[in-house]
Amino acid sequence: MDNSKFRSHPNIHKCLISSPARFNGDYEDNELLIASAHPSMRNRTLYNTQKDNEYNESQMSRYYYVCTFDFLPEPDQQIVIPDNSFIGDIISITLAVYYGKRFDNHGILESYGIFWMPNYEPIFSISNDHIGITNHLPRKDLEIPLAFDKCEAIIKFILTRNVQYEKLHRYFLAAGKFYLNSLQIMDQDIEKAYLDLITCGEILSNFYDYTDNELYDEKLKKIFIKLACMGEDSDIKYLKSRLYQVRKKFNLTLKNLLKKIF
């Protein structure tokens, strides 16, 4: 008797994510599906919490979504089956950056034909449920409706396998990791959340290439000119290699990226 129809397809993978913000609709293309996971009617606490707070936030608001994807290669059967929960991290980062909302990854549910238990680590209740990163309203500085069918552009970007975007992908995910972590820990450790946002800005600032005229003040430029006249090019190169100009790059990047509405 062939019972394969009951088995998870080895090329289909599923992970569980959540957010205190309520999102409508689904996202679906040839590589990824993001759809709501409805609470069991036997879990009256979660069921009633979501029902009572469908349009109004609360400290216990939490909505779950299943991400189904098939864009991973088949594993080598001679090695340990890989942990693909990192895909949930990538999706959480991408959605958090796009919508400006907190997301949490609860791990893999199905992968390579095997069923997995989600992460049951408790998530602390939200102390301020009306702020922009957790409420049910679009961020005022973004004005993107909270509907998954609106995120096609950012999803296509993150799933695109193109050498042209390789650097942009790396910096996006590196900076986004600290941004999302800041949103996740803000209620418990506001100082650490602030430092994570600073780190996010520093990573972004290293993505851009700035000219000497943008990085150095008039006094430094006069020193470089004086050294150049003396034929001390090696000294100029050495000084520039030691002048990282972290604060200057940080300020330039934020000024260029932030819009007036923010």
# chains A, B, ... in the order shown; residues from 1 in each chain; ligands from 1
$ select_by_dssp --residues "region 78-252 of chain A" --states "helix (DSSP H, G or I)" --output "MDAnalysis selection string"
chainID A and resid 86:99 148:150 152:159 163:185 190:205 212:215 218:229 233:242 246:252
$ residues_around --residues "Tyr179 (chain A)" --least-positions-apart "6" --cutoff "9 Å" --atoms "only C-alpha atoms" --output "list in words"
Ile93, Ala96, Val97, Ala193, Asp196, Leu197, Thr199, Cys200 and Gly201 of chain A
$ atom_distance --atom1 "CA of Gly88 (chain A)" --atom2 "CA of Glu121 (chain A)"
15.5 Å
$ residues_around --residues "region 33-38 of chain A" --least-positions-apart "6" --cutoff "10 Å" --atoms "only C-alpha atoms" --output "PyMOL selection string"
chain A and resi 14-18+22-27+46-47+50+63-70+91+148-149
$ residues_around --residues "Leu142 (chain A)" --least-positions-apart "5" --cutoff "9 Å" --atoms "only C-alpha atoms" --output "PyMOL selection string"
chain A and resi 98-100+261-262
$ residues_around --residues "Arg247 (chain A)" --least-positions-apart "4" --cutoff "12 Å" --atoms "only C-alpha atoms" --output "list in words"
Ile198, Thr199, Gly201, Glu202, Ile203, Ser205, Asn206, Leu215, Tyr216, Leu243, Asn251, Leu252, Thr253 and Leu254 of chain A
$ atom_distance --atom1 "CA of Phe6 (chain A)" --atom2 "CA of Pro82 (chain A)"
22.5 Å
$ select_by_dssp --residues "region 93-156 of chain A" --states "strand (DSSP E)" --output "list in words"
Asp104, Asn105, His106, Gly107, Ile108, Leu109, Glu110, Ser111, Ile114 and Phe115 of chain A
$ write_last_selection --atoms "N, CA and C atoms" --output "PDB file, in the first residue's frame"
ATOM      1  N   ASP A 104       8.611  37.736  14.219  1.00  0.00           N
ATOM      2  CA  ASP A 104       9.389  36.729  14.942  1.00  0.00           C
ATOM      3  C   ASP A 104       9.341  35.414  14.166  1.00  0.00           C
ATOM      4  N   ASN A 105      10.472  34.737  14.112  1.00  0.00           N
ATOM      5  CA  ASN A 105      10.572  33.449  13.430  1.00  0.00           C
ATOM      6  C   ASN A 105      10.468  32.322  14.452  1.00  0.00           C
ATOM      7  N   HIS A 106       9.527  31.402  14.234  1.00  0.00           N
ATOM      8  CA  HIS A 106       9.325  30.282  15.156  1.00  0.00           C
ATOM      9  C   HIS A 106       9.864  28.968  14.617  1.00  0.00           C
ATOM     10  N   GLY A 107      10.583  29.028  13.507  1.00  0.00           N
ATOM     11  CA  GLY A 107      11.257  27.835  13.018  1.00  0.00           C
ATOM     12  C   GLY A 107      10.497  27.080  11.944  1.00  0.00           C
ATOM     13  N   ILE A 108      11.105  25.961  11.547  1.00  0.00           N
ATOM     14  CA  ILE A 108      10.603  25.134  10.466  1.00  0.00           C
ATOM     15  C   ILE A 108       9.491  24.195  10.942  1.00  0.00           C
ATOM     16  N   LEU A 109       8.450  24.028  10.106  1.00  0.00           N
ATOM     17  CA  LEU A 109       7.376  23.065  10.356  1.00  0.00           C
ATOM     18  C   LEU A 109       7.555  21.804   9.506  1.00  0.00           C
ATOM     19  N   GLU A 110       7.932  21.983   8.260  1.00  0.00           N
ATOM     20  CA  GLU A 110       8.194  20.867   7.350  1.00  0.00           C
ATOM     21  C   GLU A 110       9.411  21.204   6.501  1.00  0.00           C
ATOM     22  N   SER A 111      10.264  20.196   6.272  1.00  0.00           N
ATOM     23  CA  SER A 111      11.427  20.412   5.419  1.00  0.00           C
ATOM     24  C   SER A 111      12.009  19.075   5.001  1.00  0.00           C
ATOM     25  N   ILE A 114      10.317  15.894   6.173  1.00  0.00           N
ATOM     26  CA  ILE A 114      10.312  15.634   7.615  1.00  0.00           C
ATOM     27  C   ILE A 114       9.507  16.723   8.310  1.00  0.00           C
ATOM     28  N   PHE A 115       8.732  16.338   9.314  1.00  0.00           N
ATOM     29  CA  PHE A 115       7.969  17.294  10.111  1.00  0.00           C
ATOM     30  C   PHE A 115       8.816  17.743  11.305  1.00  0.00           C
TER      31      PHE A 115
END
